[in-house]
file work26.csv (CSV, C-alpha atoms)
chain,number,residue,atom,x,y,z
A,117,MET,CA,34.7,160.2,102.5
A,118,HIS,CA,34.9,158.0,99.4
A,119,LYS,CA,34.1,159.3,96.0
A,120,PRO,CA,34.7,156.3,93.7
A,121,ALA,CA,35.1,157.3,90.0
A,122,PRO,CA,31.8,156.7,88.1
A,123,THR,CA,33.6,154.6,85.4
A,124,GLU,CA,32.1,153.5,82.1
A,125,TYR,CA,34.1,150.3,82.2
A,126,SER,CA,35.0,148.5,85.4
A,127,ILE,CA,38.6,149.0,86.7
A,128,HIS,CA,40.5,148.1,89.8
A,129,GLU,CA,39.2,149.9,92.9
A,130,LEU,CA,42.7,151.2,93.8
A,131,LEU,CA,42.3,153.3,90.7
A,132,THR,CA,38.6,154.3,91.2
A,133,LEU,CA,39.1,155.3,94.9
A,134,ARG,CA,42.0,157.6,94.2
A,135,TRP,CA,41.0,161.2,94.1
A,136,SER,CA,42.4,164.6,95.3
A,137,PRO,CA,40.6,165.8,98.4
A,138,ARG,CA,41.3,169.1,100.2
A,139,ALA,CA,39.9,168.3,103.7
A,140,PHE,CA,42.8,166.8,105.7
A,141,ASP,CA,43.0,165.9,109.4
A,142,ARG,CA,45.4,168.4,111.0
A,143,ASN,CA,46.1,166.3,114.1
A,144,ARG,CA,46.8,163.0,112.6
A,145,PRO,CA,50.5,162.4,111.5
A,146,VAL,CA,51.4,160.0,108.7
A,147,PRO,CA,53.1,156.9,110.3
A,148,ARG,CA,56.7,156.7,109.2
A,149,GLU,CA,56.2,153.1,108.0
A,150,HIS,CA,53.4,154.4,105.7
A,151,LEU,CA,55.6,157.3,104.4
A,152,LEU,CA,58.3,154.7,103.5
A,153,ALA,CA,55.7,152.6,101.8
A,154,LEU,CA,54.6,155.5,99.7
A,155,ILE,CA,58.2,156.1,98.7
A,156,GLU,CA,58.5,152.4,97.9
A,157,ALA,CA,55.6,152.6,95.5
A,158,ALA,CA,57.2,155.6,93.7
A,159,ARG,CA,60.5,153.8,93.4
A,160,TRP,CA,59.0,150.8,91.5
A,161,ALA,CA,57.4,153.0,88.8
A,162,PRO,CA,58.7,152.4,85.3
A,163,SER,CA,61.2,154.8,83.8
A,164,CYS,CA,63.1,155.3,80.5
A,165,TYR,CA,66.3,153.2,80.6
A,166,GLY,CA,65.5,152.5,84.3
A,167,ASP,CA,67.0,155.9,85.1
A,168,GLU,CA,64.5,156.7,87.9
A,169,PRO,CA,64.9,160.4,87.0
A,170,TRP,CA,62.8,161.6,89.9
A,171,ARG,CA,63.9,163.2,93.2
A,172,TYR,CA,61.5,163.9,96.1
A,173,LEU,CA,61.8,166.3,99.0
A,174,VAL,CA,59.6,165.4,102.0
A,175,TRP,CA,58.5,167.7,104.9
A,176,ASP,CA,56.8,166.2,107.9
A,177,ARG,CA,55.1,168.8,110.1
A,178,PHE,CA,55.3,166.5,113.1
A,179,ARG,CA,59.0,166.0,112.7
A,180,ASP,CA,60.4,169.3,111.4
A,181,GLU,CA,57.8,172.1,111.5
A,182,ALA,CA,60.3,174.8,110.5
A,183,SER,CA,61.2,173.1,107.2
A,184,TRP,CA,57.5,172.3,106.6
A,185,ASN,CA,56.6,176.0,107.1
A,186,LYS,CA,59.3,177.0,104.6
A,187,ALA,CA,57.8,174.6,102.0
A,188,PHE,CA,54.3,175.7,102.9
A,189,ASP,CA,55.3,179.4,102.3
A,190,CYS,CA,56.0,178.5,98.6
A,191,LEU,CA,52.4,177.5,97.9
A,192,GLY,CA,49.9,179.8,96.2
A,193,GLU,CA,47.4,181.5,98.4
A,194,THR,CA,44.5,179.4,97.3
A,195,ASN,CA,46.3,176.2,98.2
A,196,ARG,CA,47.5,177.5,101.6
A,197,LYS,CA,43.8,177.7,102.7
A,198,TRP,CA,43.5,173.9,102.9
A,199,VAL,CA,47.2,172.8,103.0
A,200,LYS,CA,47.6,174.4,106.4
A,201,ASN,CA,46.1,171.2,107.8
A,202,VAL,CA,48.2,168.7,105.9
A,203,PRO,CA,50.8,166.8,107.9
A,204,VAL,CA,53.2,165.8,105.1
A,205,LEU,CA,54.3,167.8,102.0
A,206,MET,CA,56.4,166.5,99.2
A,207,LEU,CA,57.9,168.0,96.1
A,208,SER,CA,58.6,166.0,93.0
A,209,CYS,CA,61.7,167.1,91.0
A,210,PRO,CA,62.5,165.4,87.6
A,211,SER,CA,66.1,165.6,86.4
A,212,GLY,CA,66.8,167.2,83.1
A,213,ALA,CA,69.4,164.6,82.2
A,214,PHE,CA,70.0,160.9,82.3
A,215,GLU,CA,72.2,159.9,85.2
A,216,ARG,CA,74.2,157.4,83.2
A,217,ASN,CA,75.4,159.8,80.5
A,218,GLY,CA,74.3,163.3,81.3
A,219,LYS,CA,72.3,163.5,78.0
A,220,PRO,CA,68.9,165.3,78.0
A,221,ASN,CA,66.1,163.0,79.2
A,222,ARG,CA,62.9,164.0,77.5
A,223,TRP,CA,61.0,161.4,79.5
A,224,ALA,CA,62.0,162.6,83.0
A,225,GLN,CA,58.8,164.6,83.7
A,226,HIS,CA,56.7,161.8,82.2
A,227,ASP,CA,58.3,159.2,84.4
A,228,THR,CA,58.1,161.4,87.5
A,229,GLY,CA,54.3,161.7,86.9
A,230,ALA,CA,54.2,157.9,86.9
A,231,ALA,CA,56.1,157.6,90.1
A,232,SER,CA,53.9,160.2,91.8
A,233,VAL,CA,50.6,158.6,90.9
A,234,SER,CA,52.0,155.2,92.0
A,235,LEU,CA,52.6,156.9,95.4
A,236,ALA,CA,49.0,158.2,95.4
A,237,LEU,CA,47.7,154.7,94.6
A,238,GLU,CA,49.6,153.2,97.5
A,239,ALA,CA,48.2,156.0,99.7
A,240,VAL,CA,44.7,154.7,98.8
A,241,ASN,CA,45.9,151.2,99.8
A,242,LEU,CA,46.9,152.6,103.2
A,243,GLY,CA,43.8,154.7,103.9
A,244,LEU,CA,45.7,157.9,103.2
A,245,ALA,CA,44.9,160.7,100.8
A,246,VAL,CA,47.2,162.5,98.3
A,247,HIS,CA,46.6,165.7,96.5
A,248,GLN,CA,49.1,167.0,94.0
A,249,MET,CA,49.4,170.7,93.2
A,250,GLY,CA,50.9,172.9,90.5
A,251,GLY,CA,50.1,176.1,92.4
A,252,PHE,CA,53.4,177.0,94.0
A,253,ASP,CA,56.4,179.2,93.3
A,254,ALA,CA,59.0,176.9,91.7
A,255,GLU,CA,61.8,179.4,91.9
A,256,LYS,CA,61.1,180.3,95.5
A,257,ILE,CA,61.2,176.7,96.6
A,258,ARG,CA,64.3,176.1,94.5
A,259,ALA,CA,66.0,178.9,96.4
A,260,ALA,CA,64.6,177.9,99.8
A,261,PHE,CA,66.0,174.3,99.5
A,262,ALA,CA,69.0,174.8,97.2
A,263,ILE,CA,67.5,172.5,94.5
A,264,PRO,CA,70.2,172.0,91.9
A,265,ALA,CA,69.6,173.7,88.5
A,266,GLU,CA,69.3,170.3,86.6
A,267,PHE,CA,66.1,169.4,88.6
A,268,THR,CA,62.6,171.0,87.9
A,269,PRO,CA,60.3,171.6,90.9
A,270,MET,CA,57.3,169.9,89.3
A,271,ALA,CA,54.5,169.2,91.8
A,272,MET,CA,53.8,169.7,95.5
A,273,ILE,CA,52.2,166.7,97.0
A,274,ALA,CA,49.9,166.8,100.1
A,275,VAL,CA,49.8,163.6,102.1
A,276,GLY,CA,47.6,162.8,105.2
A,277,TYR,CA,44.3,161.5,106.4
A,278,GLN,CA,41.1,162.9,105.1
A,279,ALA,CA,38.7,164.9,107.3
A,280,GLN,CA,35.1,165.9,106.8
A,281,ALA,CA,34.4,168.4,104.1
A,282,ASP,CA,32.9,170.9,106.5
A,283,ILE,CA,36.3,171.8,108.0
A,284,LEU,CA,37.1,173.6,104.7
A,285,GLU,CA,36.6,177.3,105.3
A,286,ASP,CA,36.6,178.4,101.6
A,287,ALA,CA,33.1,177.9,100.2
A,288,GLY,CA,34.4,177.0,96.7
A,289,GLN,CA,36.8,174.4,98.0
A,290,LYS,CA,34.0,172.9,100.1
A,291,GLU,CA,31.7,172.7,97.2
A,292,ARG,CA,34.4,171.0,95.0
A,293,GLU,CA,35.1,168.5,97.8
A,294,LEU,CA,31.5,167.4,97.7
A,295,ALA,CA,31.0,167.7,93.9
A,296,ALA,CA,30.6,164.6,91.7
A,297,ARG,CA,33.7,163.4,89.9
A,298,ALA,CA,33.8,163.6,86.1
A,299,ARG,CA,36.1,163.2,83.1
A,300,LYS,CA,36.1,164.5,79.5
A,301,PRO,CA,34.5,162.3,76.9
A,302,ARG,CA,36.7,159.4,75.8
A,303,GLU,CA,36.4,160.3,72.1
A,304,THR,CA,38.2,163.6,72.7
A,305,ARG,CA,41.3,161.9,74.0
A,306,PHE,CA,41.6,158.3,72.7
A,307,PHE,CA,41.9,157.6,69.0
A,308,GLU,CA,42.3,154.4,66.9
A,309,SER,CA,44.4,153.9,63.8
A,310,ALA,CA,44.1,157.6,62.8
A,311,TRP,CA,44.3,160.9,64.8
A,312,GLY,CA,40.7,161.9,65.7
A,313,THR,CA,39.0,158.6,65.1
A,314,PRO,CA,37.4,157.4,68.4
A,315,VAL,CA,38.2,154.0,69.9
A,316,THR,CA,35.0,152.0,69.9
A,317,LEU,CA,34.0,148.8,71.6
A,318,ARG,CA,33.0,146.9,68.5
B,250,MET,CA,55.7,134.8,84.3
B,251,HIS,CA,55.4,136.9,87.5
B,252,LYS,CA,58.4,138.9,88.7
B,253,PRO,CA,57.1,140.7,91.8
B,254,ALA,CA,59.2,143.6,92.9
B,255,PRO,CA,61.4,142.7,95.9
B,256,THR,CA,60.3,145.7,97.9
B,257,GLU,CA,61.8,146.9,101.2
B,258,TYR,CA,58.4,148.0,102.4
B,259,SER,CA,55.2,146.1,101.6
B,260,ILE,CA,53.0,147.8,98.9
B,261,HIS,CA,49.9,146.8,97.0
B,262,GLU,CA,50.4,143.9,94.7
B,263,LEU,CA,49.0,145.8,91.7
B,264,LEU,CA,52.1,147.9,92.1
B,265,THR,CA,54.6,145.0,92.7
B,266,LEU,CA,53.3,142.8,89.9
B,267,ARG,CA,53.6,145.5,87.2
B,268,TRP,CA,56.8,145.2,85.2
B,269,SER,CA,57.8,145.6,81.5
B,270,PRO,CA,58.2,142.2,79.8
B,271,ARG,CA,59.3,141.7,76.2
B,272,ALA,CA,57.9,138.2,75.5
B,273,PHE,CA,54.4,138.6,74.2
B,274,ASP,CA,51.9,136.1,72.8
B,275,ARG,CA,51.6,136.8,69.1
B,276,ASN,CA,48.4,134.9,68.6
B,277,ARG,CA,46.3,136.2,71.4
B,278,PRO,CA,44.4,139.5,70.8
B,279,VAL,CA,43.5,142.0,73.5
B,280,PRO,CA,39.7,141.7,74.1
B,281,ARG,CA,38.1,145.0,73.2
B,282,GLU,CA,36.4,145.2,76.6
B,283,HIS,CA,39.9,145.0,78.2
B,284,LEU,CA,41.3,147.7,75.8
B,285,LEU,CA,38.4,150.0,76.9
B,286,ALA,CA,39.1,149.3,80.6
B,287,LEU,CA,42.8,150.2,80.1
B,288,ILE,CA,41.6,153.5,78.5
B,289,GLU,CA,39.2,154.0,81.4
B,290,ALA,CA,42.1,153.7,83.9
B,291,ALA,CA,44.1,156.3,82.0
B,292,ARG,CA,41.1,158.7,81.9
B,293,TRP,CA,40.8,158.7,85.7
B,294,ALA,CA,44.4,159.7,86.3
B,295,PRO,CA,44.9,163.1,88.0
B,296,SER,CA,45.9,166.1,86.0
B,297,CYS,CA,46.7,169.8,86.5
B,298,TYR,CA,43.4,171.8,86.5
B,299,GLY,CA,41.7,168.6,85.3
B,300,ASP,CA,42.9,169.3,81.8
B,301,GLU,CA,43.5,165.6,80.9
B,302,PRO,CA,46.3,166.9,78.6
B,303,TRP,CA,46.9,163.4,77.1
B,304,ARG,CA,45.9,162.0,73.7
B,305,TYR,CA,46.5,158.3,72.8
B,306,LEU,CA,46.6,156.6,69.5
B,307,VAL,CA,45.8,152.9,69.5
B,308,TRP,CA,46.7,150.3,66.8
B,309,ASP,CA,45.2,146.8,67.1
B,310,ARG,CA,47.0,144.3,64.8
B,311,PHE,CA,43.9,142.1,64.8
B,312,ARG,CA,41.7,144.9,63.6
B,313,ASP,CA,43.8,147.1,61.3
B,314,GLU,CA,47.1,145.4,60.4
B,315,ALA,CA,48.1,148.1,57.9
B,316,SER,CA,48.0,150.9,60.5
B,317,TRP,CA,49.7,148.7,63.1
B,318,ASN,CA,52.5,148.1,60.6
B,319,LYS,CA,52.8,151.8,59.9
B,320,ALA,CA,53.2,152.4,63.7
B,321,PHE,CA,55.6,149.4,64.1
B,322,ASP,CA,57.8,150.8,61.4
B,323,CYS,CA,58.5,153.9,63.6
B,324,LEU,CA,60.1,151.8,66.3
B,325,GLY,CA,63.8,151.4,66.7
B,326,GLU,CA,65.4,148.2,65.5
B,327,THR,CA,66.0,146.8,69.0
B,328,ASN,CA,62.4,147.2,70.0
B,329,ARG,CA,61.1,145.7,66.7
B,330,LYS,CA,62.8,142.4,67.6
B,331,TRP,CA,60.2,141.7,70.3
B,332,VAL,CA,57.4,144.1,69.4
B,333,LYS,CA,56.6,142.1,66.3
B,334,ASN,CA,54.6,139.8,68.5
B,335,VAL,CA,52.6,142.5,70.3
B,336,PRO,CA,48.9,142.7,69.3
B,337,VAL,CA,48.2,146.3,70.4
B,338,LEU,CA,50.4,149.3,70.2
B,339,MET,CA,49.6,152.7,71.6
B,340,LEU,CA,51.3,156.1,71.6
B,341,SER,CA,50.9,158.7,74.3
B,342,CYS,CA,50.9,162.3,73.2
B,343,PRO,CA,50.8,165.1,75.8
B,344,SER,CA,49.5,168.5,74.7
B,345,GLY,CA,51.8,171.5,75.0
B,346,ALA,CA,49.0,173.8,76.1
B,347,PHE,CA,46.0,173.8,78.4
B,348,GLU,CA,42.8,173.2,76.5
B,349,ARG,CA,40.8,175.8,78.5
B,350,ASN,CA,43.0,178.8,77.6
B,351,GLY,CA,45.8,177.7,75.2
B,352,LYS,CA,48.5,178.7,77.7
B,353,PRO,CA,51.6,176.4,78.0
B,354,ASN,CA,51.0,173.4,80.3
B,355,ARG,CA,54.3,172.5,82.0
B,356,TRP,CA,52.6,169.5,83.7
B,357,ALA,CA,51.3,167.9,80.5
B,358,GLN,CA,54.1,165.3,80.1
B,359,HIS,CA,54.1,164.6,83.9
B,360,ASP,CA,50.3,164.0,83.9
B,361,THR,CA,50.5,161.8,80.8
B,362,GLY,CA,53.1,159.6,82.6
B,363,ALA,CA,50.5,159.3,85.4
B,364,ALA,CA,47.8,158.3,82.9
B,365,SER,CA,50.0,155.7,81.2
B,366,VAL,CA,51.1,154.0,84.4
B,367,SER,CA,47.5,153.9,85.5
B,368,LEU,CA,46.8,152.0,82.3
B,369,ALA,CA,49.7,149.7,83.0
B,370,LEU,CA,48.3,148.9,86.5
B,371,GLU,CA,44.9,148.1,85.1
B,372,ALA,CA,46.6,145.8,82.7
B,373,VAL,CA,48.0,143.9,85.7
B,374,ASN,CA,44.5,143.7,87.0
B,375,LEU,CA,43.3,142.1,83.7
B,376,GLY,CA,46.2,139.7,83.3
B,377,LEU,CA,47.7,141.7,80.5
B,378,ALA,CA,51.2,143.1,80.2
B,379,VAL,CA,52.3,146.6,79.2
B,380,HIS,CA,55.8,147.8,78.2
B,381,GLN,CA,56.4,151.5,77.4
B,382,MET,CA,59.2,152.5,75.0
B,383,GLY,CA,61.1,155.6,74.3
B,384,GLY,CA,62.9,154.0,71.4
B,385,PHE,CA,61.0,155.2,68.3
B,386,ASP,CA,61.2,158.0,65.7
B,387,ALA,CA,59.0,160.7,67.1
B,388,GLU,CA,59.0,162.8,63.9
B,389,LYS,CA,58.4,159.8,61.7
B,390,ILE,CA,55.3,158.8,63.6
B,391,ARG,CA,54.1,162.4,63.7
B,392,ALA,CA,54.3,162.5,59.9
B,393,ALA,CA,52.8,159.0,59.5
B,394,PHE,CA,49.7,159.8,61.5
B,395,ALA,CA,49.4,163.6,61.1
B,396,ILE,CA,49.9,164.3,64.8
B,397,PRO,CA,49.3,168.0,65.3
B,398,ALA,CA,52.3,170.2,66.2
B,399,GLU,CA,51.0,171.0,69.7
B,400,PHE,CA,51.3,167.3,70.8
B,401,THR,CA,54.5,165.5,71.6
B,402,PRO,CA,54.9,161.8,70.7
B,403,MET,CA,56.0,160.7,74.1
B,404,ALA,CA,56.0,156.9,74.5
B,405,MET,CA,55.0,153.9,72.5
B,406,ILE,CA,53.1,151.3,74.6
B,407,ALA,CA,53.0,147.6,73.9
B,408,VAL,CA,49.9,145.8,75.2
B,409,GLY,CA,49.2,142.1,75.1
B,410,TYR,CA,49.5,138.8,76.9
B,411,GLN,CA,52.8,137.5,78.1
B,412,ALA,CA,54.6,134.5,76.5
B,413,GLN,CA,57.5,132.4,77.8
B,414,ALA,CA,60.8,134.1,77.7
B,415,ASP,CA,62.3,131.5,75.4
B,416,ILE,CA,60.3,133.0,72.4
B,417,LEU,CA,62.7,135.9,72.5
B,418,GLU,CA,65.3,135.5,69.8
B,419,ASP,CA,67.7,138.2,71.0
B,420,ALA,CA,70.0,136.7,73.7
B,421,GLY,CA,70.3,140.0,75.6
B,422,GLN,CA,66.5,140.5,75.6
B,423,LYS,CA,66.0,137.0,76.8
B,424,GLU,CA,68.5,137.5,79.6
B,425,ARG,CA,66.9,140.7,80.7
B,426,GLU,CA,63.4,139.0,80.7
B,427,LEU,CA,64.7,136.5,83.3
B,428,ALA,CA,66.9,138.9,85.3
B,429,ALA,CA,66.0,139.9,88.8
B,430,ARG,CA,64.3,143.3,89.2
B,431,ALA,CA,66.1,146.1,91.0
B,432,ARG,CA,65.9,149.8,91.9
B,433,LYS,CA,68.5,152.4,92.8
B,434,PRO,CA,69.0,153.0,96.6
B,435,ARG,CA,66.3,155.0,98.2
B,436,GLU,CA,68.7,157.5,99.7
B,437,THR,CA,69.8,158.6,96.2
B,438,ARG,CA,66.3,159.8,95.3
B,439,PHE,CA,64.2,160.6,98.4
B,440,PHE,CA,65.3,163.5,100.7
B,441,GLU,CA,63.8,164.9,103.9
B,442,SER,CA,63.7,168.6,105.0
B,443,ALA,CA,66.9,169.3,103.0
B,444,TRP,CA,68.2,168.3,99.6
B,445,GLY,CA,70.4,165.3,99.9
B,446,THR,CA,69.3,164.3,103.4
B,447,PRO,CA,67.9,160.7,103.2
B,448,VAL,CA,64.4,159.9,104.5
B,449,THR,CA,64.8,157.4,107.4
B,450,LEU,CA,62.2,155.3,109.2
B,451,ARG,CA,63.0,156.7,112.7

call {"tool": "encode", "arguments": {"input": "work26.csv", "output": "structure tokens"}}
result
Amino acid sequence: MHKPAPTEYSIHELLTLRWSPRAFDRNRPVPREHLLALIEAARWAPSCYGDEPWRYLVWDRFRDEASWNKAFDCLGETNRKWVKNVPVLMLSCPSGAFERNGKPNRWAQHDTGAASVSLALEAVNLGLAVHQMGGFDAEKIRAAFAIPAEFTPMAMIAVGYQAQADILEDAGQKERELAARARKPRETRFFESAWGTPVTLR
Amino acid sequence: MHKPAPTEYSIHELLTLRWSPRAFDRNRPVPREHLLALIEAARWAPSCYGDEPWRYLVWDRFRDEASWNKAFDCLGETNRKWVKNVPVLMLSCPSGAFERNGKPNRWAQHDTGAASVSLALEAVNLGLAVHQMGGFDAEKIRAAFAIPAEFTPMAMIAVGYQAQADILEDAGQKERELAARARKPRETRFFESAWGTPVTLR
């Protein structure tokens, strides 16, 4: 199911076709070549001083179900309702410090967000779907996978092929899957020359 | 000048063609339709609870040179050497709190990074170039533009058309403009099933 963004100004379709579905095909694995391409997309994201402050953990249910289950168990209850069908889970972990000198890196989370959405856009290119989640227990997953203290468990990432919305058992999740996409008004977020002054075309 | 990423696995060219040049055409403004398309791309980035925690300030030298100068003056000396030719500057400012309930939003910087790279990818689509910078005085720009305390001045963003590398006066900057692109080895950043175990194709 495509839900292209109803944009006010035309933008590239890789950007309009990316969205975050919940209906995933339980029986279709992510080809390893595609998984590596997603990683490649994340790698080439920009980062402050080229530090590439992100780390990613990957769990592939078709390859190592026990580890996938351990990651799955760290998700919140609401997410588990639909993530149970997802073949690949990932976790993004920005570093707190620059690799080159150990000093605090205040851009690490920002840069990791850039890497993860790059991955999501390559997923669109490959006919895959990606859905990032904040709803998980960060300290539980840190303990479960011995994530070093200097890294922050930031977002869980579901990767797989989409399925029909009617496989969703939760009525609210099914409704959201079919709902129209929307964004907040531009003038509430984008200002020109002075804080609060909207950007206008003319 | 194109410097496509020398990727190990093939990814969409919107992703390979994005890079961060320093040579910008001083005399070529950014068409307003294009500026609005860049903003549109940022708007449709994913965010935690759909909060769209980002704010952006835009300065267009061809529209309001005094304000552009005020923003430019907040950049570090090294960046000023090349940014003097840039027609449009932007500043990304993630919010510290969710708009819907005022609670701390630990994904705001992450989500803003996603919005900014989406903007940079739409720039590739439009033949524009984008270069994000951490080298600026965050408290100076906060004071200069009365940025509210709950927002973090995160990255300055240069937007414009590329020029030939030989317009760069700084020898080091010119060298970097022409240098090959590279990324750190995949196995240092991407792990599978356990922290530190590299993701492999087979």

call {"tool": "atom_distance", "arguments": {"input": "work26.csv", "atom1": "atom CA of His380 of chain B", "atom2": "atom CA of Ala245 of chain A"}}
result
28.2 Å

call {"tool": "residues_near_point", "arguments": {"input": "work26.csv", "point": "(43.7, 164.8, 67.4)", "cutoff": "8 Å", "atoms": "all atoms listed in the file", "output": "MDAnalysis selection string"}}
result
(chainID A and resid 304:305 307 311:312) or (chainID B and resid 304 396:397)

call {"tool": "atom_distance", "arguments": {"input": "work26.csv", "atom1": "atom CA of Pro270 of chain B", "atom2": "atom CA of Trp303 of chain B"}}
result
24.2 Å

call {"tool": "interface_residues", "arguments": {"input": "work26.csv", "of": "chain B", "to": "chain A", "cutoff": "6 Å", "atoms": "only C-alpha atoms", "output": "PyMOL selection string"}}
result
chain B and resi 258+281+286+304-308+316+358-360+362-363+366+438-442+450

call {"tool": "residues_around", "arguments": {"input": "work26.csv", "residues": "Asp253 of chain A", "least_positions_apart": "6", "cutoff": "10 Å", "atoms": "only C-alpha atoms", "output": "list of chain:residue names"}}
result
A:Ala187, A:Asp189, A:Cys190, A:Leu191, A:Gly192, A:Pro269

call {"tool": "atom_distance", "arguments": {"input": "work26.csv", "atom1": "atom CA of Asp141 of chain A", "atom2": "atom CA of Gln278 of chain A"}}
result
5.6 Å

call {"tool": "residues_around", "arguments": {"input": "work26.csv", "residues": "Arg275 of chain B", "least_positions_apart": "2", "cutoff": "10 Å", "atoms": "all atoms listed in the file", "output": "ChimeraX atom specification"}}
result
/B:272-273,277-278,310,331-336,409-412

call {"tool": "write_last_selection", "arguments": {"input": "work26.csv", "atoms": "C-alpha atoms", "output": "PDB file, keeping the file's coordinate frame"}}
result
ATOM      1  CA  ALA B 272      57.900 138.200  75.500  1.00  0.00           C
ATOM      2  CA  PHE B 273      54.400 138.600  74.200  1.00  0.00           C
ATOM      3  CA  ARG B 277      46.300 136.200  71.400  1.00  0.00           C
ATOM      4  CA  PRO B 278      44.400 139.500  70.800  1.00  0.00           C
ATOM      5  CA  ARG B 310      47.000 144.300  64.800  1.00  0.00           C
ATOM      6  CA  TRP B 331      60.200 141.700  70.300  1.00  0.00           C
ATOM      7  CA  VAL B 332      57.400 144.100  69.400  1.00  0.00           C
ATOM      8  CA  LYS B 333      56.600 142.100  66.300  1.00  0.00           C
ATOM      9  CA  ASN B 334      54.600 139.800  68.500  1.00  0.00           C
ATOM     10  CA  VAL B 335      52.600 142.500  70.300  1.00  0.00           C
ATOM     11  CA  PRO B 336      48.900 142.700  69.300  1.00  0.00           C
ATOM     12  CA  GLY B 409      49.200 142.100  75.100  1.00  0.00           C
ATOM     13  CA  TYR B 410      49.500 138.800  76.900  1.00  0.00           C
ATOM     14  CA  GLN B 411      52.800 137.500  78.100  1.00  0.00           C
ATOM     15  CA  ALA B 412      54.600 134.500  76.500  1.00  0.00           C
TER      16      ALA B 412
END

call {"tool": "closest_residue", "arguments": {"input": "work26.csv", "among": "A:Asp282, A:Glu255, A:Phe188, A:Asn143", "to": "Thr268 of chain A", "atoms": "only C-alpha atoms"}}
result
A:Glu255

call {"tool": "closest_residue", "arguments": {"input": "work26.csv", "among": "B:Ser344, B:Asn318, B:Arg271, B:Lys252", "to": "Ile416 of chain B", "atoms": "all atoms listed in the file"}}
result
B:Arg271

call {"tool": "closest_residue", "arguments": {"input": "work26.csv", "among": "A:Phe267, A:Phe252, A:Phe214, A:Phe178", "to": "Arg196 of chain A", "atoms": "all atoms listed in the file"}}
result
A:Phe252

call {"tool": "residues_near_point", "arguments": {"input": "work26.csv", "point": "(29.5, 170.2, 99.0)", "cutoff": "12 Å", "atoms": "all atoms listed in the file", "output": "list in words"}}
result
Met117, Pro137, Arg138, Ala139, Gln280, Ala281, Asp282, Ile283, Leu284, Glu285, Asp286, Ala287, Gly288, Gln289, Lys290, Glu291, Arg292, Glu293, Leu294, Ala295 and Ala296 of chain A

call {"tool": "build_atoms", "arguments": {"input": "work26.csv", "residues": "segment 274-287 of chain B", "atoms": "N, CA and C atoms", "output": "PDB file, keeping the file's coordinate frame"}}
result
ATOM      1  N   ASP B 274      52.599 137.138  73.551  1.00  0.00           N
ATOM      2  CA  ASP B 274      51.900 136.100  72.800  1.00  0.00           C
ATOM      3  C   ASP B 274      51.391 136.674  71.475  1.00  0.00           C
ATOM      4  N   ARG B 275      51.986 136.236  70.374  1.00  0.00           N
ATOM      5  CA  ARG B 275      51.600 136.800  69.100  1.00  0.00           C
ATOM      6  C   ARG B 275      50.206 136.502  68.649  1.00  0.00           C
ATOM      7  N   ASN B 276      49.670 135.400  69.135  1.00  0.00           N
ATOM      8  CA  ASN B 276      48.400 134.900  68.600  1.00  0.00           C
ATOM      9  C   ASN B 276      47.163 135.257  69.450  1.00  0.00           C
ATOM     10  N   ARG B 277      47.396 135.977  70.525  1.00  0.00           N
ATOM     11  CA  ARG B 277      46.300 136.200  71.400  1.00  0.00           C
ATOM     12  C   ARG B 277      45.914 137.724  71.418  1.00  0.00           C
ATOM     13  N   PRO B 278      44.771 138.050  70.827  1.00  0.00           N
ATOM     14  CA  PRO B 278      44.400 139.500  70.800  1.00  0.00           C
ATOM     15  C   PRO B 278      43.979 139.993  72.144  1.00  0.00           C
ATOM     16  N   VAL B 279      43.943 141.308  72.263  1.00  0.00           N
ATOM     17  CA  VAL B 279      43.500 142.000  73.500  1.00  0.00           C
ATOM     18  C   VAL B 279      41.946 142.135  73.325  1.00  0.00           C
ATOM     19  N   PRO B 280      41.153 141.535  74.225  1.00  0.00           N
ATOM     20  CA  PRO B 280      39.700 141.700  74.100  1.00  0.00           C
ATOM     21  C   PRO B 280      39.342 143.202  74.129  1.00  0.00           C
ATOM     22  N   ARG B 281      38.417 143.595  73.303  1.00  0.00           N
ATOM     23  CA  ARG B 281      38.100 145.000  73.200  1.00  0.00           C
ATOM     24  C   ARG B 281      37.577 145.575  74.545  1.00  0.00           C
ATOM     25  N   GLU B 282      36.838 144.784  75.319  1.00  0.00           N
ATOM     26  CA  GLU B 282      36.400 145.200  76.600  1.00  0.00           C
ATOM     27  C   GLU B 282      37.598 145.588  77.519  1.00  0.00           C
ATOM     28  N   HIS B 283      38.662 144.784  77.384  1.00  0.00           N
ATOM     29  CA  HIS B 283      39.900 145.000  78.200  1.00  0.00           C
ATOM     30  C   HIS B 283      40.570 146.316  77.697  1.00  0.00           C
ATOM     31  N   LEU B 284      40.639 146.489  76.388  1.00  0.00           N
ATOM     32  CA  LEU B 284      41.300 147.700  75.800  1.00  0.00           C
ATOM     33  C   LEU B 284      40.515 148.935  76.363  1.00  0.00           C
ATOM     34  N   LEU B 285      39.202 148.856  76.389  1.00  0.00           N
ATOM     35  CA  LEU B 285      38.400 150.000  76.900  1.00  0.00           C
ATOM     36  C   LEU B 285      38.631 150.200  78.395  1.00  0.00           C
ATOM     37  N   ALA B 286      38.851 149.113  79.134  1.00  0.00           N
ATOM     38  CA  ALA B 286      39.100 149.300  80.600  1.00  0.00           C
ATOM     39  C   ALA B 286      40.508 149.920  80.783  1.00  0.00           C
ATOM     40  N   LEU B 287      41.478 149.578  79.954  1.00  0.00           N
ATOM     41  CA  LEU B 287      42.800 150.200  80.100  1.00  0.00           C
ATOM     42  C   LEU B 287      42.650 151.738  79.828  1.00  0.00           C
TER      43      LEU B 287
END
